[in-house]
>>> print(open('entry.pdb').read())   # PDB, N, CA and C atoms
ATOM      1  N   MET R   1       0.815  -1.204   0.000
ATOM      2  CA  MET R   1       0.000   0.000   0.000
ATOM      3  C   MET R   1       0.858   1.267   0.000
ATOM      4  N   PHE R   2       1.901   1.295   0.814
ATOM      5  CA  PHE R   2       2.793   2.457   0.874
ATOM      6  C   PHE R   2       4.066   2.167   0.082
ATOM      7  N   THR R   3       4.578   3.178  -0.612
ATOM      8  CA  THR R   3       5.834   3.031  -1.333
ATOM      9  C   THR R   3       6.997   3.082  -0.337
ATOM     10  N   VAL R   4       8.169   2.728  -0.814
ATOM     11  CA  VAL R   4       9.369   2.796   0.021
ATOM     12  C   VAL R   4       9.593   4.233   0.491
ATOM     13  N   GLU R   5       9.418   5.181  -0.408
ATOM     14  CA  GLU R   5       9.608   6.591  -0.050
ATOM     15  C   GLU R   5       8.617   7.029   1.022
ATOM     16  N   GLU R   6       7.375   6.587   0.901
ATOM     17  CA  GLU R   6       6.354   6.936   1.890
ATOM     18  C   GLU R   6       6.657   6.308   3.250
ATOM     19  N   MET R   7       7.109   5.052   3.237
ATOM     20  CA  MET R   7       7.474   4.392   4.499
ATOM     21  C   MET R   7       8.649   5.111   5.160
ATOM     22  N   ASN R   8       9.651   5.477   4.353
ATOM     23  CA  ASN R   8      10.802   6.200   4.902
ATOM     24  C   ASN R   8      10.372   7.521   5.515
ATOM     25  N   LEU R   9       9.486   8.219   4.848
ATOM     26  CA  LEU R   9       8.991   9.486   5.375
ATOM     27  C   LEU R   9       8.274   9.278   6.704
ATOM     28  N   MET R  10       7.389   8.309   6.756
ATOM     29  CA  MET R  10       6.632   8.075   7.989
ATOM     30  C   MET R  10       7.535   7.733   9.156
ATOM     31  N   CYS R  11       8.631   7.033   8.883
ATOM     32  CA  CYS R  11       9.514   6.588   9.962
ATOM     33  C   CYS R  11      10.292   7.715  10.635
ATOM     34  N   ILE R  12      10.290   8.899  10.052
ATOM     35  CA  ILE R  12      10.974  10.004  10.733
ATOM     36  C   ILE R  12      10.041  10.730  11.700
ATOM     37  N   TYR R  13       8.784  10.322  11.715
ATOM     38  CA  TYR R  13       7.786  10.910  12.606
ATOM     39  C   TYR R  13       7.356   9.896  13.655
ATOM     40  N   ASP R  14       6.481  10.325  14.539
ATOM     41  CA  ASP R  14       5.934   9.469  15.595
ATOM     42  C   ASP R  14       4.965   8.477  14.972
ATOM     43  N   THR R  15       5.362   7.214  14.919
ATOM     44  CA  THR R  15       4.504   6.183  14.346
ATOM     45  C   THR R  15       3.737   5.415  15.415
ATOM     46  N   GLY R  16       3.668   5.975  16.599
ATOM     47  CA  GLY R  16       2.973   5.312  17.698
ATOM     48  C   GLY R  16       1.474   5.202  17.489
ATOM     49  N   SER R  17       0.915   6.117  16.737
ATOM     50  CA  SER R  17      -0.514   6.051  16.418
ATOM     51  C   SER R  17      -0.754   6.762  15.087
ATOM     52  N   ARG R  18      -1.841   6.392  14.455
ATOM     53  CA  ARG R  18      -2.208   7.010  13.180
ATOM     54  C   ARG R  18      -2.477   8.499  13.371
ATOM     55  N   ALA R  19      -3.149   8.848  14.453
ATOM     56  CA  ALA R  19      -3.474  10.254  14.722
ATOM     57  C   ALA R  19      -2.211  11.088  14.932
ATOM     58  N   ALA R  20      -1.257  10.551  15.694
ATOM     59  CA  ALA R  20      -0.011  11.279  15.950
ATOM     60  C   ALA R  20       0.778  11.465  14.662
ATOM     61  N   LEU R  21       0.827  10.434  13.847
ATOM     62  CA  LEU R  21       1.556  10.514  12.587
ATOM     63  C   LEU R  21       0.924  11.535  11.649
ATOM     64  N   LEU R  22      -0.383  11.483  11.513
ATOM     65  CA  LEU R  22      -1.082  12.465  10.675
ATOM     66  C   LEU R  22      -0.844  13.884  11.167
ATOM     67  N   ARG R  23      -0.936  14.086  12.466
ATOM     68  CA  ARG R  23      -0.749  15.415  13.051
ATOM     69  C   ARG R  23       0.648  15.953  12.743
ATOM     70  N   GLU R  24       1.670  15.118  12.955
ATOM     71  CA  GLU R  24       3.043  15.580  12.753
ATOM     72  C   GLU R  24       3.343  15.876  11.284
ATOM     73  N   ILE R  25       2.839  15.043  10.396
ATOM     74  CA  ILE R  25       3.071  15.306   8.972
ATOM     75  C   ILE R  25       2.372  16.594   8.558
ATOM     76  N   ARG R  26       1.133  16.767   8.987
ATOM     77  CA  ARG R  26       0.386  17.996   8.643
ATOM     78  C   ARG R  26       1.075  19.233   9.202
ATOM     79  N   GLU R  27       1.599  19.137  10.424
ATOM     80  CA  GLU R  27       2.261  20.281  11.048
ATOM     81  C   GLU R  27       3.543  20.674  10.320
ATOM     82  N   SER R  28       4.233  19.703   9.754
ATOM     83  CA  SER R  28       5.499  20.015   9.089
ATOM     84  C   SER R  28       5.326  20.393   7.619
ATOM     85  N   LEU R  29       4.195  20.080   7.037
ATOM     86  CA  LEU R  29       3.954  20.343   5.621
ATOM     87  C   LEU R  29       4.191  21.804   5.212
ATOM     88  N   PRO R  30       3.761  22.797   5.984
ATOM     89  CA  PRO R  30       4.009  24.200   5.569
ATOM     90  C   PRO R  30       5.491  24.568   5.477
ATOM     91  N   ASP R  31       6.359  23.821   6.144
ATOM     92  CA  ASP R  31       7.792  24.114   6.134
ATOM     93  C   ASP R  31       8.550  23.356   5.050
ATOM     94  N   VAL R  32       7.845  22.579   4.255
ATOM     95  CA  VAL R  32       8.483  21.786   3.202
ATOM     96  C   VAL R  32       8.270  22.488   1.867
ATOM     97  N   TYR R  33       9.369  22.778   1.188
ATOM     98  CA  TYR R  33       9.290  23.536  -0.065
ATOM     99  C   TYR R  33       9.574  22.673  -1.291
ATOM    100  N   ASP R  34      10.106  21.483  -1.085
ATOM    101  CA  ASP R  34      10.413  20.597  -2.198
ATOM    102  C   ASP R  34       9.109  19.987  -2.738
ATOM    103  N   PRO R  35       8.798  20.220  -4.009
ATOM    104  CA  PRO R  35       7.525  19.737  -4.572
ATOM    105  C   PRO R  35       7.373  18.218  -4.522
ATOM    106  N   GLU R  36       8.460  17.502  -4.755
ATOM    107  CA  GLU R  36       8.380  16.034  -4.728
ATOM    108  C   GLU R  36       8.080  15.527  -3.321
ATOM    109  N   LEU R  37       8.731  16.118  -2.329
ATOM    110  CA  LEU R  37       8.486  15.719  -0.940
ATOM    111  C   LEU R  37       7.068  16.084  -0.512
ATOM    112  N   ARG R  38       6.594  17.243  -0.931
ATOM    113  CA  ARG R  38       5.222  17.649  -0.615
ATOM    114  C   ARG R  38       4.221  16.663  -1.226
ATOM    115  N   GLU R  39       4.528  16.187  -2.423
ATOM    116  CA  GLU R  39       3.652  15.212  -3.078
ATOM    117  C   GLU R  39       3.618  13.895  -2.296
ATOM    118  N   ILE R  40       4.774  13.453  -1.843
ATOM    119  CA  ILE R  40       4.846  12.228  -1.044
ATOM    120  C   ILE R  40       4.079  12.403   0.255
ATOM    121  N   MET R  41       4.254  13.547   0.899
ATOM    122  CA  MET R  41       3.547  13.811   2.149
ATOM    123  C   MET R  41       2.037  13.817   1.931
ATOM    124  N   GLY R  42       1.595  14.420   0.838
ATOM    125  CA  GLY R  42       0.168  14.438   0.527
ATOM    126  C   GLY R  42      -0.375  13.040   0.299
ATOM    127  N   ALA R  43       0.398  12.202  -0.390
ATOM    128  CA  ALA R  43      -0.029  10.821  -0.627
ATOM    129  C   ALA R  43      -0.122  10.051   0.684
ATOM    130  N   VAL R  44       0.841  10.264   1.571
ATOM    131  CA  VAL R  44       0.822   9.588   2.873
ATOM    132  C   VAL R  44      -0.404  10.014   3.672
ATOM    133  N   ILE R  45      -0.674  11.296   3.692
ATOM    134  CA  ILE R  45      -1.841  11.797   4.431
ATOM    135  C   ILE R  45      -3.118  11.156   3.892
ATOM    136  N   THR R  46      -3.266  11.124   2.579
ATOM    137  CA  THR R  46      -4.458  10.536   1.961
ATOM    138  C   THR R  46      -4.601   9.067   2.329
ATOM    139  N   LYS R  47      -3.503   8.333   2.256
ATOM    140  CA  LYS R  47      -3.549   6.903   2.569
ATOM    141  C   LYS R  47      -3.823   6.658   4.052
ATOM    142  N   LEU R  48      -3.214   7.464   4.915
ATOM    143  CA  LEU R  48      -3.443   7.293   6.349
ATOM    144  C   LEU R  48      -4.880   7.613   6.729
ATOM    145  N   GLU R  49      -5.457   8.611   6.099
ATOM    146  CA  GLU R  49      -6.848   8.964   6.382
ATOM    147  C   GLU R  49      -7.797   7.830   6.001
ATOM    148  N   ALA R  50      -7.432   7.045   4.992
ATOM    149  CA  ALA R  50      -8.290   5.953   4.531
ATOM    150  C   ALA R  50      -8.152   4.697   5.396
ATOM    151  N   LEU R  51      -7.112   4.622   6.212
ATOM    152  CA  LEU R  51      -6.889   3.454   7.053
ATOM    153  C   LEU R  51      -7.689   3.529   8.345
ATOM    154  N   THR R  52      -8.035   2.377   8.874
ATOM    155  CA  THR R  52      -8.573   2.318  10.232
ATOM    156  C   THR R  52      -7.381   2.237  11.184
ATOM    157  N   ASP R  53      -7.616   2.479  12.453
ATOM    158  CA  ASP R  53      -6.542   2.354  13.435
ATOM    159  C   ASP R  53      -6.041   0.914  13.504
ATOM    160  N   ASP R  54      -6.934  -0.054  13.335
ATOM    161  CA  ASP R  54      -6.518  -1.464  13.336
ATOM    162  C   ASP R  54      -5.608  -1.769  12.158
ATOM    163  N   ASP R  55      -5.964  -1.253  10.975
ATOM    164  CA  ASP R  55      -5.106  -1.445   9.799
ATOM    165  C   ASP R  55      -3.745  -0.789  10.021
ATOM    166  N   PHE R  56      -3.750   0.385  10.613
ATOM    167  CA  PHE R  56      -2.510   1.103  10.882
ATOM    168  C   PHE R  56      -1.603   0.293  11.804
ATOM    169  N   SER R  57      -2.189  -0.342  12.797
ATOM    170  CA  SER R  57      -1.384  -1.101  13.756
ATOM    171  C   SER R  57      -0.699  -2.308  13.119
ATOM    172  N   GLU R  58      -1.146  -2.708  11.941
ATOM    173  CA  GLU R  58      -0.554  -3.840  11.237
ATOM    174  C   GLU R  58       0.665  -3.460  10.395
ATOM    175  N   ILE R  59       0.915  -2.174  10.237
ATOM    176  CA  ILE R  59       2.046  -1.719   9.421
ATOM    177  C   ILE R  59       3.343  -1.984  10.173
ATOM    178  N   GLY R  60       4.290  -2.583   9.495
ATOM    179  CA  GLY R  60       5.603  -2.827  10.088
ATOM    180  C   GLY R  60       6.541  -1.688   9.737
ATOM    181  N   PHE R  61       6.771  -0.794  10.679
ATOM    182  CA  PHE R  61       7.595   0.384  10.400
ATOM    183  C   PHE R  61       9.082   0.126  10.516
ATOM    184  N   TYR R  62       9.459  -0.916  11.218
ATOM    185  CA  TYR R  62      10.881  -1.154  11.442
ATOM    186  C   TYR R  62      11.271  -2.462  10.797
ATOM    187  N   ALA R  63      12.423  -2.455  10.171
ATOM    188  CA  ALA R  63      12.912  -3.655   9.493
ATOM    189  C   ALA R  63      13.221  -4.738  10.517
ATOM    190  N   ASP R  64      12.995  -5.968  10.115
ATOM    191  CA  ASP R  64      13.357  -7.113  10.943
ATOM    192  C   ASP R  64      14.803  -7.472  10.653
ATOM    193  N   TYR R  65      15.642  -7.321  11.638
ATOM    194  CA  TYR R  65      17.041  -7.675  11.482
ATOM    195  C   TYR R  65      17.310  -8.936  12.284
ATOM    196  N   ASP R  66      18.138  -9.813  11.727
ATOM    197  CA  ASP R  66      18.553 -10.992  12.460
ATOM    198  C   ASP R  66      19.438 -10.542  13.610
ATOM    199  N   ASP R  67      19.299 -11.209  14.717
ATOM    200  CA  ASP R  67      20.145 -10.894  15.856
ATOM    201  C   ASP R  67      21.528 -11.484  15.603
ATOM    202  N   GLU R  68      22.439 -10.625  15.192
ATOM    203  CA  GLU R  68      23.808 -11.057  14.953
ATOM    204  C   GLU R  68      24.638 -10.681  16.156
ATOM    205  N   GLN R  69      25.330 -11.664  16.665
ATOM    206  CA  GLN R  69      26.177 -11.410  17.828
ATOM    207  C   GLN R  69      27.590 -11.150  17.359
ATOM    208  N   GLU R  70      28.213 -10.181  18.004
ATOM    209  CA  GLU R  70      29.601  -9.885  17.698
ATOM    210  C   GLU R  70      30.495 -10.932  18.328
ATOM    211  N   ASP R  71      31.529 -11.339  17.595
ATOM    212  CA  ASP R  71      32.479 -12.320  18.130
ATOM    213  C   ASP R  71      33.573 -11.648  18.874
TER     214      ASP R  71
END
>>> encode(input="entry.pdb", output="structure tokens")
Amino acid sequence: MFTVEEMNLMCIYDTGSRAALLREIRESLPDVYDPELREIMGAVITKLEALTDDDFSEIGFYADYDDEQED
């Protein structure tokens, strides 16, 4: 559902809840002047608004890394 660019953008904000994420992206939007980034932010906002909180909780924001132990 979300592109790699959209996921990367969301991960720099508070992903603890859909409401918090939407709020932070909306608050920062006026300070963003890059048209491509503004477009990505707009797409994220639209997609997040269409999700339920349950659907949002299913999104994996952090990569799964194998636990590698240092020798």
>>> atom_distance(input="entry.pdb", atom1="CA of Lys47 (chain R)", atom2="CA of Asp14 (chain R)")
16.3 Å
>>> resolve_selection(input="entry.pdb", expression="the PyMOL selection byres (((chain R and resi 53-61 and name CA) around 8) and name CA)", output="list in words")
Met7, Cys11, Thr15, Ser17, Arg18, Leu48, Leu51, Thr52, Tyr62 and Ala63 of chain R
>>> resolve_selection(input="entry.pdb", expression="the PyMOL selection byres (((chain R and resi 6 and name CA) around 12) and name CA)", output="short mmCIF file (atom, residue, chain, number, x, y, z; two decimals) with N, CA and C atoms, in the frame of the given file")
data_model
loop_
_atom_site.label_atom_id
_atom_site.label_comp_id
_atom_site.auth_asym_id
_atom_site.auth_seq_id
_atom_site.Cartn_x
_atom_site.Cartn_y
_atom_site.Cartn_z
N MET R 1 0.82 -1.20 0.00
CA MET R 1 0.00 0.00 0.00
C MET R 1 0.86 1.27 0.00
N PHE R 2 1.90 1.30 0.81
CA PHE R 2 2.79 2.46 0.87
C PHE R 2 4.07 2.17 0.08
N THR R 3 4.58 3.18 -0.61
CA THR R 3 5.83 3.03 -1.33
C THR R 3 7.00 3.08 -0.34
N VAL R 4 8.17 2.73 -0.81
CA VAL R 4 9.37 2.80 0.02
C VAL R 4 9.59 4.23 0.49
N GLU R 5 9.42 5.18 -0.41
CA GLU R 5 9.61 6.59 -0.05
C GLU R 5 8.62 7.03 1.02
N MET R 7 7.11 5.05 3.24
CA MET R 7 7.47 4.39 4.50
C MET R 7 8.65 5.11 5.16
N ASN R 8 9.65 5.48 4.35
CA ASN R 8 10.80 6.20 4.90
C ASN R 8 10.37 7.52 5.52
N LEU R 9 9.49 8.22 4.85
CA LEU R 9 8.99 9.49 5.38
C LEU R 9 8.27 9.28 6.70
N MET R 10 7.39 8.31 6.76
CA MET R 10 6.63 8.07 7.99
C MET R 10 7.54 7.73 9.16
N CYS R 11 8.63 7.03 8.88
CA CYS R 11 9.51 6.59 9.96
C CYS R 11 10.29 7.72 10.64
N ILE R 12 10.29 8.90 10.05
CA ILE R 12 10.97 10.00 10.73
C ILE R 12 10.04 10.73 11.70
N TYR R 13 8.78 10.32 11.72
CA TYR R 13 7.79 10.91 12.61
C TYR R 13 7.36 9.90 13.66
N ILE R 25 2.84 15.04 10.40
CA ILE R 25 3.07 15.31 8.97
C ILE R 25 2.37 16.59 8.56
N GLU R 36 8.46 17.50 -4.76
CA GLU R 36 8.38 16.03 -4.73
C GLU R 36 8.08 15.53 -3.32
N LEU R 37 8.73 16.12 -2.33
CA LEU R 37 8.49 15.72 -0.94
C LEU R 37 7.07 16.08 -0.51
N ARG R 38 6.59 17.24 -0.93
CA ARG R 38 5.22 17.65 -0.62
C ARG R 38 4.22 16.66 -1.23
N GLU R 39 4.53 16.19 -2.42
CA GLU R 39 3.65 15.21 -3.08
C GLU R 39 3.62 13.90 -2.30
N ILE R 40 4.77 13.45 -1.84
CA ILE R 40 4.85 12.23 -1.04
C ILE R 40 4.08 12.40 0.26
N MET R 41 4.25 13.55 0.90
CA MET R 41 3.55 13.81 2.15
C MET R 41 2.04 13.82 1.93
N GLY R 42 1.60 14.42 0.84
CA GLY R 42 0.17 14.44 0.53
C GLY R 42 -0.38 13.04 0.30
N ALA R 43 0.40 12.20 -0.39
CA ALA R 43 -0.03 10.82 -0.63
C ALA R 43 -0.12 10.05 0.68
N VAL R 44 0.84 10.26 1.57
CA VAL R 44 0.82 9.59 2.87
C VAL R 44 -0.40 10.01 3.67
N ILE R 45 -0.67 11.30 3.69
CA ILE R 45 -1.84 11.80 4.43
C ILE R 45 -3.12 11.16 3.89
N THR R 46 -3.27 11.12 2.58
CA THR R 46 -4.46 10.54 1.96
C THR R 46 -4.60 9.07 2.33
N LYS R 47 -3.50 8.33 2.26
CA LYS R 47 -3.55 6.90 2.57
C LYS R 47 -3.82 6.66 4.05
N LEU R 48 -3.21 7.46 4.92
CA LEU R 48 -3.44 7.29 6.35
C LEU R 48 -4.88 7.61 6.73
N PHE R 61 6.77 -0.79 10.68
CA PHE R 61 7.60 0.38 10.40
C PHE R 61 9.08 0.13 10.52
#
>>> select_by_dssp(input="entry.pdb", residues="chain R", states="helix (DSSP H, G or I)", output="count of residues only")
42
>>> atom_distance(input="entry.pdb", atom1="atom N of Ala19 (chain R)", atom2="CA of Pro35 (chain R)")
24.4 Å
>>> build_atoms(input="entry.pdb", residues="region 11-22 of chain R", atoms="N, CA, C and O atoms", output="PDB file, in the frame of the given file")
ATOM      1  N   CYS R  11       8.631   7.033   8.883  1.00  0.00           N
ATOM      2  CA  CYS R  11       9.514   6.588   9.962  1.00  0.00           C
ATOM      3  C   CYS R  11      10.292   7.715  10.635  1.00  0.00           C
ATOM      4  O   CYS R  11      10.867   7.500  11.702  1.00  0.00           O
ATOM      5  N   ILE R  12      10.290   8.899  10.052  1.00  0.00           N
ATOM      6  CA  ILE R  12      10.974  10.004  10.733  1.00  0.00           C
ATOM      7  C   ILE R  12      10.041  10.730  11.700  1.00  0.00           C
ATOM      8  O   ILE R  12      10.463  11.632  12.410  1.00  0.00           O
ATOM      9  N   TYR R  13       8.784  10.322  11.715  1.00  0.00           N
ATOM     10  CA  TYR R  13       7.786  10.910  12.606  1.00  0.00           C
ATOM     11  C   TYR R  13       7.356   9.896  13.655  1.00  0.00           C
ATOM     12  O   TYR R  13       7.773   8.751  13.639  1.00  0.00           O
ATOM     13  N   ASP R  14       6.481  10.325  14.539  1.00  0.00           N
ATOM     14  CA  ASP R  14       5.934   9.469  15.595  1.00  0.00           C
ATOM     15  C   ASP R  14       4.965   8.477  14.972  1.00  0.00           C
ATOM     16  O   ASP R  14       3.871   8.845  14.545  1.00  0.00           O
ATOM     17  N   THR R  15       5.362   7.214  14.919  1.00  0.00           N
ATOM     18  CA  THR R  15       4.504   6.183  14.346  1.00  0.00           C
ATOM     19  C   THR R  15       3.737   5.415  15.415  1.00  0.00           C
ATOM     20  O   THR R  15       3.196   4.351  15.150  1.00  0.00           O
ATOM     21  N   GLY R  16       3.668   5.975  16.599  1.00  0.00           N
ATOM     22  CA  GLY R  16       2.973   5.312  17.698  1.00  0.00           C
ATOM     23  C   GLY R  16       1.474   5.202  17.489  1.00  0.00           C
ATOM     24  O   GLY R  16       0.835   4.287  18.007  1.00  0.00           O
ATOM     25  N   SER R  17       0.915   6.117  16.737  1.00  0.00           N
ATOM     26  CA  SER R  17      -0.514   6.051  16.418  1.00  0.00           C
ATOM     27  C   SER R  17      -0.754   6.762  15.087  1.00  0.00           C
ATOM     28  O   SER R  17       0.022   7.618  14.676  1.00  0.00           O
ATOM     29  N   ARG R  18      -1.841   6.392  14.455  1.00  0.00           N
ATOM     30  CA  ARG R  18      -2.208   7.010  13.180  1.00  0.00           C
ATOM     31  C   ARG R  18      -2.477   8.499  13.371  1.00  0.00           C
ATOM     32  O   ARG R  18      -2.029   9.337  12.578  1.00  0.00           O
ATOM     33  N   ALA R  19      -3.149   8.848  14.453  1.00  0.00           N
ATOM     34  CA  ALA R  19      -3.474  10.254  14.722  1.00  0.00           C
ATOM     35  C   ALA R  19      -2.211  11.088  14.932  1.00  0.00           C
ATOM     36  O   ALA R  19      -2.098  12.196  14.407  1.00  0.00           O
ATOM     37  N   ALA R  20      -1.257  10.551  15.694  1.00  0.00           N
ATOM     38  CA  ALA R  20      -0.011  11.279  15.950  1.00  0.00           C
ATOM     39  C   ALA R  20       0.778  11.465  14.662  1.00  0.00           C
ATOM     40  O   ALA R  20       1.318  12.547  14.404  1.00  0.00           O
ATOM     41  N   LEU R  21       0.827  10.434  13.847  1.00  0.00           N
ATOM     42  CA  LEU R  21       1.556  10.514  12.587  1.00  0.00           C
ATOM     43  C   LEU R  21       0.924  11.535  11.649  1.00  0.00           C
ATOM     44  O   LEU R  21       1.612  12.382  11.080  1.00  0.00           O
ATOM     45  N   LEU R  22      -0.383  11.483  11.513  1.00  0.00           N
ATOM     46  CA  LEU R  22      -1.082  12.465  10.675  1.00  0.00           C
ATOM     47  C   LEU R  22      -0.844  13.884  11.167  1.00  0.00           C
ATOM     48  O   LEU R  22      -0.563  14.785  10.382  1.00  0.00           O
TER      49      LEU R  22
END
